[in-house]
Each structure stands twice: as structure tokens, then as C-alpha cells.
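Asker: Sharing model.tsv, TSV, N, CA, C and O atoms:
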chain	number	residue	atom	x	y	z
A	8	MET	N	0.85	-1.17	0.00
A	8	MET	CA	0.00	0.00	0.00
A	8	MET	C	0.90	1.24	0.00
A	8	MET	O	1.89	1.28	0.68
A	9	ILE	N	0.50	2.25	-0.78
A	9	ILE	CA	1.21	3.52	-0.82
A	9	ILE	C	0.36	4.56	-0.11
A	9	ILE	O	-0.84	4.68	-0.36
A	10	LEU	N	0.97	5.30	0.81
A	10	LEU	CA	0.30	6.40	1.48
A	10	LEU	C	1.03	7.68	1.13
A	10	LEU	O	2.25	7.74	1.22
A	11	SER	N	0.30	8.70	0.73
A	11	SER	CA	0.91	9.98	0.40
A	11	SER	C	-0.06	11.09	0.79
A	11	SER	O	-1.10	11.25	0.17
A	12	GLY	N	0.27	11.82	1.82
A	12	GLY	CA	-0.63	12.88	2.27
A	12	GLY	C	-1.94	12.31	2.74
A	12	GLY	O	-2.00	11.51	3.66
A	13	ASP	N	-3.02	12.68	2.05
A	13	ASP	CA	-4.35	12.23	2.47
A	13	ASP	C	-4.93	11.20	1.50
A	13	ASP	O	-6.12	11.05	1.39
A	14	MET	N	-4.07	10.46	0.79
A	14	MET	CA	-4.59	9.44	-0.11
A	14	MET	C	-3.84	8.13	0.10
A	14	MET	O	-2.72	8.11	0.59
A	15	ALA	N	-4.49	7.04	-0.30
A	15	ALA	CA	-3.87	5.73	-0.19
A	15	ALA	C	-4.25	4.89	-1.41
A	15	ALA	O	-5.34	5.03	-1.96
A	16	VAL	N	-3.33	4.05	-1.83
A	16	VAL	CA	-3.57	3.10	-2.90
A	16	VAL	C	-3.28	1.72	-2.34
A	16	VAL	O	-2.20	1.46	-1.84
A	17	SER	N	-4.27	0.83	-2.42
A	17	SER	CA	-4.10	-0.53	-1.94
A	17	SER	C	-4.44	-1.50	-3.08
A	17	SER	O	-5.46	-1.33	-3.75
A	18	VAL	N	-3.57	-2.47	-3.29
A	18	VAL	CA	-3.79	-3.46	-4.35
A	18	VAL	C	-3.77	-4.85	-3.71
A	18	VAL	O	-2.80	-5.21	-3.03
A	19	GLU	N	-4.84	-5.60	-3.91
A	19	GLU	CA	-4.94	-6.96	-3.39
A	19	GLU	C	-5.01	-7.92	-4.57
A	19	GLU	O	-5.75	-7.67	-5.51
A	20	MET	N	-4.22	-8.99	-4.51
A	20	MET	CA	-4.27	-10.02	-5.55
A	20	MET	C	-4.36	-11.38	-4.88
A	20	MET	O	-3.58	-11.69	-3.98
A	21	HIS	N	-5.33	-12.19	-5.33
A	21	HIS	CA	-5.54	-13.52	-4.77
A	21	HIS	C	-5.71	-14.54	-5.89
A	21	HIS	O	-6.37	-14.26	-6.89
A	22	HIS	N	-5.09	-15.70	-5.73
A	22	HIS	CA	-5.24	-16.83	-6.67
A	22	HIS	C	-4.81	-16.45	-8.08
A	22	HIS	O	-5.46	-16.84	-9.06
A	23	THR	N	-3.72	-15.66	-8.19
A	23	THR	CA	-3.25	-15.25	-9.51
A	23	THR	C	-1.89	-15.85	-9.84
A	23	THR	O	-1.31	-15.51	-10.87
A	24	GLY	N	-1.37	-16.71	-8.98
A	24	GLY	CA	-0.14	-17.41	-9.30
A	24	GLY	C	1.14	-16.69	-8.94
A	24	GLY	O	1.31	-16.26	-7.80
A	25	ASP	N	2.00	-16.55	-9.89
A	25	ASP	CA	3.37	-16.04	-9.77
A	25	ASP	C	3.50	-14.81	-8.86
A	25	ASP	O	3.00	-13.73	-9.19
A	26	PRO	N	4.21	-14.94	-7.71
A	26	PRO	CA	4.40	-13.80	-6.81
A	26	PRO	C	5.18	-12.65	-7.45
A	26	PRO	O	4.95	-11.49	-7.14
A	27	GLY	N	6.08	-12.97	-8.38
A	27	GLY	CA	6.82	-11.92	-9.09
A	27	GLY	C	5.89	-11.07	-9.94
A	27	GLY	O	6.00	-9.84	-9.97
A	28	LEU	N	4.95	-11.72	-10.61
A	28	LEU	CA	3.97	-11.00	-11.41
A	28	LEU	C	3.09	-10.14	-10.51
A	28	LEU	O	2.78	-8.99	-10.82
A	29	GLN	N	2.69	-10.70	-9.37
A	29	GLN	CA	1.86	-9.94	-8.43
A	29	GLN	C	2.56	-8.67	-7.98
A	29	GLN	O	1.95	-7.59	-7.96
A	30	ALA	N	3.83	-8.75	-7.66
A	30	ALA	CA	4.59	-7.58	-7.23
A	30	ALA	C	4.68	-6.54	-8.34
A	30	ALA	O	4.54	-5.34	-8.10
A	31	GLU	N	4.89	-7.00	-9.57
A	31	GLU	CA	4.98	-6.09	-10.71
A	31	GLU	C	3.64	-5.39	-10.97
A	31	GLU	O	3.59	-4.18	-11.19
A	32	VAL	N	2.55	-6.16	-10.92
A	32	VAL	CA	1.21	-5.59	-11.13
A	32	VAL	C	0.91	-4.55	-10.04
A	32	VAL	O	0.43	-3.45	-10.32
A	33	ARG	N	1.21	-4.89	-8.79
A	33	ARG	CA	0.99	-3.95	-7.68
A	33	ARG	C	1.75	-2.65	-7.92
A	33	ARG	O	1.19	-1.56	-7.76
A	34	ALA	N	3.02	-2.75	-8.28
A	34	ALA	CA	3.84	-1.56	-8.49
A	34	ALA	C	3.29	-0.69	-9.61
A	34	ALA	O	3.22	0.54	-9.48
A	35	ILE	N	2.86	-1.30	-10.70
A	35	ILE	CA	2.32	-0.54	-11.83
A	35	ILE	C	1.02	0.17	-11.44
A	35	ILE	O	0.84	1.36	-11.72
A	36	ILE	N	0.12	-0.55	-10.79
A	36	ILE	CA	-1.16	0.05	-10.39
A	36	ILE	C	-0.94	1.17	-9.39
A	36	ILE	O	-1.54	2.23	-9.49
A	37	GLU	N	-0.06	0.94	-8.40
A	37	GLU	CA	0.22	1.98	-7.41
A	37	GLU	C	0.79	3.22	-8.08
A	37	GLU	O	0.43	4.34	-7.74
A	38	HIS	N	1.65	3.04	-9.06
A	38	HIS	CA	2.23	4.17	-9.78
A	38	HIS	C	1.15	4.94	-10.56
A	38	HIS	O	1.12	6.18	-10.53
A	39	ILE	N	0.26	4.22	-11.23
A	39	ILE	CA	-0.80	4.85	-12.02
A	39	ILE	C	-1.74	5.66	-11.14
A	39	ILE	O	-2.14	6.77	-11.49
A	40	LEU	N	-2.11	5.11	-9.98
A	40	LEU	CA	-3.10	5.76	-9.13
A	40	LEU	C	-2.50	6.76	-8.13
A	40	LEU	O	-3.24	7.48	-7.47
A	41	ALA	N	-1.19	6.81	-8.04
A	41	ALA	CA	-0.54	7.66	-7.04
A	41	ALA	C	-0.90	9.14	-7.17
A	41	ALA	O	-0.97	9.85	-6.16
A	42	ASP	N	-1.16	9.62	-8.38
A	42	ASP	CA	-1.48	11.04	-8.54
A	42	ASP	C	-2.98	11.31	-8.59
A	42	ASP	O	-3.41	12.44	-8.76
A	43	ARG	N	-3.79	10.25	-8.43
A	43	ARG	CA	-5.25	10.44	-8.37
A	43	ARG	C	-5.62	10.76	-6.93
A	43	ARG	O	-5.13	10.10	-6.01
A	44	PRO	N	-6.46	11.77	-6.71
A	44	PRO	CA	-6.83	12.11	-5.33
A	44	PRO	C	-7.71	11.04	-4.69
A	44	PRO	O	-8.43	10.33	-5.38
A	45	GLY	N	-7.64	10.92	-3.39
A	45	GLY	CA	-8.50	10.01	-2.65
A	45	GLY	C	-7.89	8.64	-2.43
A	45	GLY	O	-6.75	8.37	-2.80
A	46	ASP	N	-8.66	7.79	-1.79
A	46	ASP	CA	-8.24	6.42	-1.47
A	46	ASP	C	-8.72	5.48	-2.57
A	46	ASP	O	-9.87	5.55	-3.01
A	47	TRP	N	-7.84	4.56	-2.97
A	47	TRP	CA	-8.15	3.60	-4.03
A	47	TRP	C	-7.89	2.18	-3.56
A	47	TRP	O	-6.91	1.92	-2.88
A	48	LEU	N	-8.76	1.28	-3.95
A	48	LEU	CA	-8.58	-0.14	-3.68
A	48	LEU	C	-8.78	-0.88	-5.00
A	48	LEU	O	-9.82	-0.74	-5.66
A	49	VAL	N	-7.78	-1.66	-5.38
A	49	VAL	CA	-7.88	-2.49	-6.57
A	49	VAL	C	-7.75	-3.94	-6.10
A	49	VAL	O	-6.80	-4.30	-5.41
A	50	SER	N	-8.71	-4.75	-6.48
A	50	SER	CA	-8.73	-6.16	-6.10
A	50	SER	C	-8.74	-7.00	-7.36
A	50	SER	O	-9.57	-6.77	-8.26
A	51	ILE	N	-7.81	-7.95	-7.45
A	51	ILE	CA	-7.77	-8.88	-8.58
A	51	ILE	C	-7.82	-10.29	-8.00
A	51	ILE	O	-6.98	-10.66	-7.18
A	52	VAL	N	-8.83	-11.05	-8.43
A	52	VAL	CA	-9.02	-12.41	-7.91
A	52	VAL	C	-9.08	-13.38	-9.08
A	52	VAL	O	-9.89	-13.22	-9.99
A	53	GLY	N	-8.20	-14.37	-9.03
A	53	GLY	CA	-8.16	-15.39	-10.07
A	53	GLY	C	-9.16	-16.49	-9.81
A	53	GLY	O	-9.71	-16.62	-8.71
A	54	SER	N	-9.39	-17.30	-10.83
A	54	SER	CA	-10.32	-18.42	-10.73
A	54	SER	C	-9.56	-19.72	-10.92
A	54	SER	O	-8.65	-19.80	-11.75
A	55	GLN	N	-9.93	-20.73	-10.18
A	55	GLN	CA	-9.34	-22.05	-10.38
A	55	GLN	C	-10.04	-22.80	-11.51
A	55	GLN	O	-9.52	-23.77	-12.04
A	56	ALA	N	-11.21	-22.31	-11.92
A	56	ALA	CA	-12.00	-23.00	-12.93
A	56	ALA	C	-11.65	-22.58	-14.36
A	56	ALA	O	-11.90	-23.33	-15.30
A	57	ASN	N	-11.08	-21.37	-14.54
A	57	ASN	CA	-10.79	-20.88	-15.89
A	57	ASN	C	-9.64	-19.88	-15.84
A	57	ASN	O	-9.03	-19.68	-14.79
A	58	ASP	N	-9.36	-19.24	-16.95
A	58	ASP	CA	-8.25	-18.28	-17.00
A	58	ASP	C	-8.71	-16.84	-16.86
A	58	ASP	O	-8.06	-15.92	-17.33
A	59	ARG	N	-9.83	-16.65	-16.21
A	59	ARG	CA	-10.36	-15.29	-16.01
A	59	ARG	C	-10.02	-14.79	-14.61
A	59	ARG	O	-10.14	-15.53	-13.64
A	60	TRP	N	-9.60	-13.52	-14.55
A	60	TRP	CA	-9.39	-12.84	-13.28
A	60	TRP	C	-10.40	-11.71	-13.19
A	60	TRP	O	-10.62	-10.98	-14.17
A	61	GLU	N	-11.02	-11.54	-12.05
A	61	GLU	CA	-11.96	-10.44	-11.84
A	61	GLU	C	-11.22	-9.28	-11.19
A	61	GLU	O	-10.64	-9.44	-10.11
A	62	MET	N	-11.25	-8.13	-11.82
A	62	MET	CA	-10.61	-6.93	-11.26
A	62	MET	C	-11.69	-5.93	-10.90
A	62	MET	O	-12.59	-5.65	-11.69
A	63	LYS	N	-11.60	-5.43	-9.66
A	63	LYS	CA	-12.53	-4.41	-9.19
A	63	LYS	C	-11.72	-3.22	-8.69
A	63	LYS	O	-10.72	-3.40	-8.00
A	64	ILE	N	-12.18	-2.03	-9.06
A	64	ILE	CA	-11.53	-0.80	-8.64
A	64	ILE	C	-12.55	0.03	-7.89
A	64	ILE	O	-13.64	0.27	-8.39
A	65	ALA	N	-12.19	0.46	-6.68
A	65	ALA	CA	-13.05	1.33	-5.88
A	65	ALA	C	-12.26	2.57	-5.51
A	65	ALA	O	-11.07	2.48	-5.18
A	66	GLY	N	-12.92	3.71	-5.58
A	66	GLY	CA	-12.25	4.97	-5.27
A	66	GLY	C	-13.18	5.98	-4.65
A	66	GLY	O	-14.30	5.64	-4.24
A	67	PRO	N	-12.74	7.24	-4.60
A	67	PRO	CA	-13.53	8.28	-3.96
A	67	PRO	C	-14.82	8.58	-4.73
A	67	PRO	O	-14.95	8.23	-5.91
A	68	ASN	N	-15.74	9.22	-4.05
A	68	ASN	CA	-17.01	9.63	-4.65
A	68	ASN	C	-17.78	8.46	-5.24
A	68	ASN	O	-18.38	8.56	-6.31
A	69	ALA	N	-17.75	7.32	-4.56
A	69	ALA	CA	-18.47	6.10	-4.95
A	69	ALA	C	-18.02	5.57	-6.31
A	69	ALA	O	-18.78	4.90	-7.01
A	70	PHE	N	-16.79	5.84	-6.69
A	70	PHE	CA	-16.24	5.33	-7.95
A	70	PHE	C	-16.10	3.82	-7.85
A	70	PHE	O	-15.48	3.31	-6.92
A	71	GLU	N	-16.68	3.10	-8.81
A	71	GLU	CA	-16.55	1.64	-8.86
A	71	GLU	C	-16.52	1.20	-10.31
A	71	GLU	O	-17.32	1.65	-11.13
A	72	ARG	N	-15.57	0.34	-10.61
A	72	ARG	CA	-15.48	-0.26	-11.94
A	72	ARG	C	-15.07	-1.71	-11.75
A	72	ARG	O	-14.39	-2.07	-10.81
A	73	SER	N	-15.49	-2.55	-12.69
A	73	SER	CA	-15.05	-3.94	-12.67
A	73	SER	C	-14.75	-4.37	-14.10
A	73	SER	O	-15.27	-3.81	-15.07
A	74	TYR	N	-13.89	-5.37	-14.20
A	74	TYR	CA	-13.45	-5.83	-15.51
A	74	TYR	C	-12.98	-7.27	-15.37
A	74	TYR	O	-12.33	-7.61	-14.38
A	75	THR	N	-13.27	-8.10	-16.35
A	75	THR	CA	-12.78	-9.46	-16.37
A	75	THR	C	-11.54	-9.52	-17.25
A	75	THR	O	-11.59	-9.17	-18.42
A	76	LEU	N	-10.42	-9.92	-16.65
A	76	LEU	CA	-9.15	-10.04	-17.36
A	76	LEU	C	-9.06	-11.45	-17.94
A	76	LEU	O	-9.03	-12.43	-17.19
A	77	GLU	N	-9.00	-11.55	-19.26
A	77	GLU	CA	-8.95	-12.84	-19.94
A	77	GLU	C	-7.50	-13.23	-20.20
A	77	GLU	O	-6.80	-12.56	-20.95
A	78	GLY	N	-7.06	-14.31	-19.60
A	78	GLY	CA	-5.69	-14.78	-19.80
A	78	GLY	C	-5.40	-15.12	-21.24
A	78	GLY	O	-4.33	-14.82	-21.77
A	79	SER	N	-6.36	-15.73	-21.94
A	79	SER	CA	-6.16	-16.14	-23.33
A	79	SER	C	-6.02	-14.93	-24.26
A	79	SER	O	-5.50	-15.06	-25.36
A	80	ALA	N	-6.44	-13.76	-23.81
A	80	ALA	CA	-6.32	-12.53	-24.59
A	80	ALA	C	-5.10	-11.71	-24.18
A	80	ALA	O	-4.94	-10.57	-24.59
A	81	GLY	N	-4.25	-12.29	-23.31
A	81	GLY	CA	-3.05	-11.59	-22.87
A	81	GLY	C	-3.29	-10.57	-21.77
A	81	GLY	O	-2.40	-9.77	-21.46
A	82	GLU	N	-4.45	-10.61	-21.16
A	82	GLU	CA	-4.81	-9.60	-20.16
A	82	GLU	C	-4.28	-9.91	-18.76
A	82	GLU	O	-4.59	-9.20	-17.82
A	83	HIS	N	-3.46	-10.93	-18.62
A	83	HIS	CA	-2.82	-11.20	-17.33
A	83	HIS	C	-1.41	-10.61	-17.29
A	83	HIS	O	-0.71	-10.75	-16.30
A	84	GLU	N	-1.00	-9.96	-18.36
A	84	GLU	CA	0.31	-9.31	-18.43
A	84	GLU	C	0.26	-8.00	-17.65
A	84	GLU	O	-0.72	-7.25	-17.75
A	85	SER	N	1.30	-7.72	-16.89
A	85	SER	CA	1.30	-6.53	-16.02
A	85	SER	C	1.10	-5.24	-16.78
A	85	SER	O	0.33	-4.37	-16.36
A	86	HIS	N	1.75	-5.08	-17.93
A	86	HIS	CA	1.62	-3.83	-18.69
A	86	HIS	C	0.21	-3.66	-19.25
A	86	HIS	O	-0.29	-2.55	-19.35
A	87	VAL	N	-0.45	-4.77	-19.60
A	87	VAL	CA	-1.82	-4.71	-20.10
A	87	VAL	C	-2.76	-4.30	-18.98
A	87	VAL	O	-3.64	-3.44	-19.16
A	88	ILE	N	-2.58	-4.89	-17.81
A	88	ILE	CA	-3.40	-4.52	-16.65
A	88	ILE	C	-3.22	-3.04	-16.34
A	88	ILE	O	-4.18	-2.32	-16.09
A	89	GLY	N	-1.98	-2.55	-16.39
A	89	GLY	CA	-1.71	-1.14	-16.15
A	89	GLY	C	-2.45	-0.24	-17.12
A	89	GLY	O	-3.05	0.77	-16.73
A	90	LYS	N	-2.42	-0.58	-18.40
A	90	LYS	CA	-3.13	0.23	-19.41
A	90	LYS	C	-4.63	0.23	-19.16
A	90	LYS	O	-5.29	1.26	-19.31
A	91	LEU	N	-5.17	-0.93	-18.78
A	91	LEU	CA	-6.61	-1.01	-18.49
A	91	LEU	C	-6.98	-0.13	-17.30
A	91	LEU	O	-7.98	0.59	-17.34
A	92	VAL	N	-6.18	-0.20	-16.23
A	92	VAL	CA	-6.47	0.63	-15.05
A	92	VAL	C	-6.40	2.11	-15.41
A	92	VAL	O	-7.27	2.90	-15.03
A	93	ALA	N	-5.39	2.50	-16.18
A	93	ALA	CA	-5.25	3.90	-16.58
A	93	ALA	C	-6.46	4.38	-17.39
A	93	ALA	O	-6.91	5.51	-17.22
A	94	ARG	N	-7.00	3.52	-18.24
A	94	ARG	CA	-8.19	3.89	-19.02
A	94	ARG	C	-9.45	3.94	-18.15
A	94	ARG	O	-10.33	4.76	-18.38
A	95	MET	N	-9.53	3.05	-17.18
A	95	MET	CA	-10.74	2.96	-16.34
A	95	MET	C	-10.80	4.07	-15.30
A	95	MET	O	-11.89	4.41	-14.83
A	96	VAL	N	-9.65	4.60	-14.90
A	96	VAL	CA	-9.59	5.64	-13.87
A	96	VAL	C	-9.00	6.91	-14.51
A	96	VAL	O	-7.79	7.08	-14.55
A	97	PRO	N	-9.86	7.77	-15.01
A	97	PRO	CA	-9.37	8.97	-15.69
A	97	PRO	C	-8.65	9.93	-14.73
A	97	PRO	O	-8.88	9.91	-13.53
A	98	ARG	N	-7.78	10.75	-15.29
A	98	ARG	CA	-7.02	11.72	-14.49
A	98	ARG	C	-7.89	12.88	-14.00
A	98	ARG	O	-7.56	13.51	-13.02
A	99	ARG	N	-8.93	13.17	-14.70
A	99	ARG	CA	-9.76	14.34	-14.33
A	99	ARG	C	-10.31	14.16	-12.91
A	99	ARG	O	-10.40	13.04	-12.40
A	100	ASN	N	-10.68	15.25	-12.29
A	100	ASN	CA	-11.24	15.17	-10.94
A	100	ASN	C	-12.52	14.37	-10.95
A	100	ASN	O	-13.37	14.55	-11.80
A	101	LEU	N	-12.63	13.48	-10.00
A	101	LEU	CA	-13.82	12.61	-9.91
A	101	LEU	C	-14.89	13.24	-9.07
A	101	LEU	O	-14.66	13.94	-8.16
Could you rewrite the structure in this file as C-alpha cells?
Answerer:
Amino acid sequence: MILSGDMAVSVEMHHTGDPGLQAEVRAIIEHILADRPGDWLVSIVGSQANDRWEMKIAGPNAFERSYTLEGSAGEHESHVIGKLVARMVPRRNL
């Protein structure tokens, strides 16, 4: 978790495998959200039944988004997840 002034970014990952990938994904998401005001929580949960990961983003002013990351489409790659988070959480004031 990153704390800076009056904001926090927390990234949780469960059942997604490789700890190295988890650390990389956390670092990218924390970097992307570090300049967004307010508290952010990103949760990514893998499935044992398929190659889909459920990603949920919660932020200030009741901001909520969810997205299914498809492994077969390359969406489990850290840079792809970063691009998706950046698109889902705009820089403008929320």
C-alpha cells in the first residue's frame, strides 16, 4: 500500500499465481493511481476454474469499476493490466 498525504492506494491479488507478477502488477497500479486524489482499492481475484481474473476498482465519490481479465487474450500481463487501469480511472477530478 502507498500512502501519500491524504490518499492511499491498496492493491490486493488472490489466486493469480506467480508472486513476481503480483509484485509487478501492484507496483504498476500503485504508480498509475498515485497522482489520483482520494483512497483507491484495486482487487484482482483469479479463478481455479478458468483463466479469467476479476478486477474491481473502488475509489472516492463512490467510484466503482469492474473488468474481467482474460488470460487467453493476454490480459494477465502486467503492462496490459496497467493500461486497463489507466483507461478505467481517468485523471480528471472525480
Asker: Can you work out which one of A:Glu61, A:Glu19, A:Asp25, A:Glu31 has the shortest atom-to-atom distance to Leu48 (chain A), counting all atoms listed in the file?
Answerer: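 Distance minimum relative to Leu48 (chain A) lands on A:Glu19.
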Asker: Which centre and edge lengths in Å to one decimal define the box along x, y and z that fits every listed atom of region 76-88 of chain A plus 5 Å per side, as AutoDock Vina command-line options?
Answerer:
--center_x -4.3 --center_y -9.2 --center_z -20.7 --size_x 22.2 --size_y 23.8 --size_z 19.3
Asker: List the residues sitting within 10 Å of (-1.1, -5.9, -18.1) in the file's frame, using only C-alpha atoms, as a list of chain:residue names.
Answerer: A:Leu28, A:Glu31, A:Val32, A:Ile35, A:Ile36, A:Leu76, A:Gly81, A:Glu82, A:His83, A:Glu84, A:Ser85, A:His86, A:Val87, A:Ile88, A:Gly89, A:Lys90, A:Leu91, A:Val92
Asker: Can you tell me, as an MDAnalysis selection string, which residues in region 41-92 of chain A count as strand (DSSP E or B) by DSSP?
Answerer: chainID A and resid 47:53 59:66 70:77
Asker: Please provide the set of residues having any atom within 7 Å of Tyr74 (chain A), restricted to only N, CA, C and O atoms, with same-chain residues fewer than 5 positions apart removed, written as a PyMOL selection string.
Answerer: chain A and resi 50+60-64
Asker: Go through A:Met20, A:Ala15, A:Ala30, A:Val96 one by one, measure the shortest atom-to-atom distance of each to Asp46 (chain A) using only C-alpha atoms, and give the residue with the smallest value.
Answerer: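 Among A:Met20, A:Ala15, A:Ala30, A:Val96, it is A:Ala15 that comes nearest to Asp46 (chain A).
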Asker: Provide the CA of Ile51 (chain A) to atom N of Ser73 (chain A) distance in Å, to one decimal place.
Answerer: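 Computed distance, CA of Ile51 (chain A) to atom N of Ser73 (chain A), equals 10.8 Å.
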Asker: To one decimal in Å, tell me the separation between atom N of Ile39 (chain A) and CA of Val16 (chain A).
Answerer: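 Spanning atom N of Ile39 (chain A) to CA of Val16 (chain A) is a straight-line distance of 9.2 Å.
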Asker: Considering only C-alpha atoms, state which residue in the set A:His38, A:Arg33, A:Arg98, A:His22 is at the smallest distance from Arg59 (chain A).
Answerer: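 Nearest to Arg59 (chain A): A:His22.
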Asker: Interatomic distance between CA of Pro44 (chain A) and atom C of Met95 (chain A)?
Answerer: 13.4 Å
Asker: Can you check which residues of region 8-99 of chain A DSSP gives as helix (DSSP H, G or I) on the backbone and send them as a list in words?
Answerer: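 Residues of region 8-99 of chain A classed as helix (DSSP H, G or I): Pro26, Gly27, Leu28, Gln29, Ala30, Glu31, Val32, Arg33, Ala34, Ile35, Ile36, Glu37, His38, Ile39, Leu40, Gly78, Ser79, Ala80, Ser85, His86, Val87, Ile88, Gly89, Lys90, Leu91, Val92, Ala93, Arg94 and Met95 of chain A.
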Asker: Using only C-alpha atoms for the distances, tell me which of A:Asp42, A:Gly24, A:Glu71, A:Ser79 is nearest to Gln55 (chain A).
Answerer: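 Closest residue, counting only C-alpha atoms: A:Gly24.
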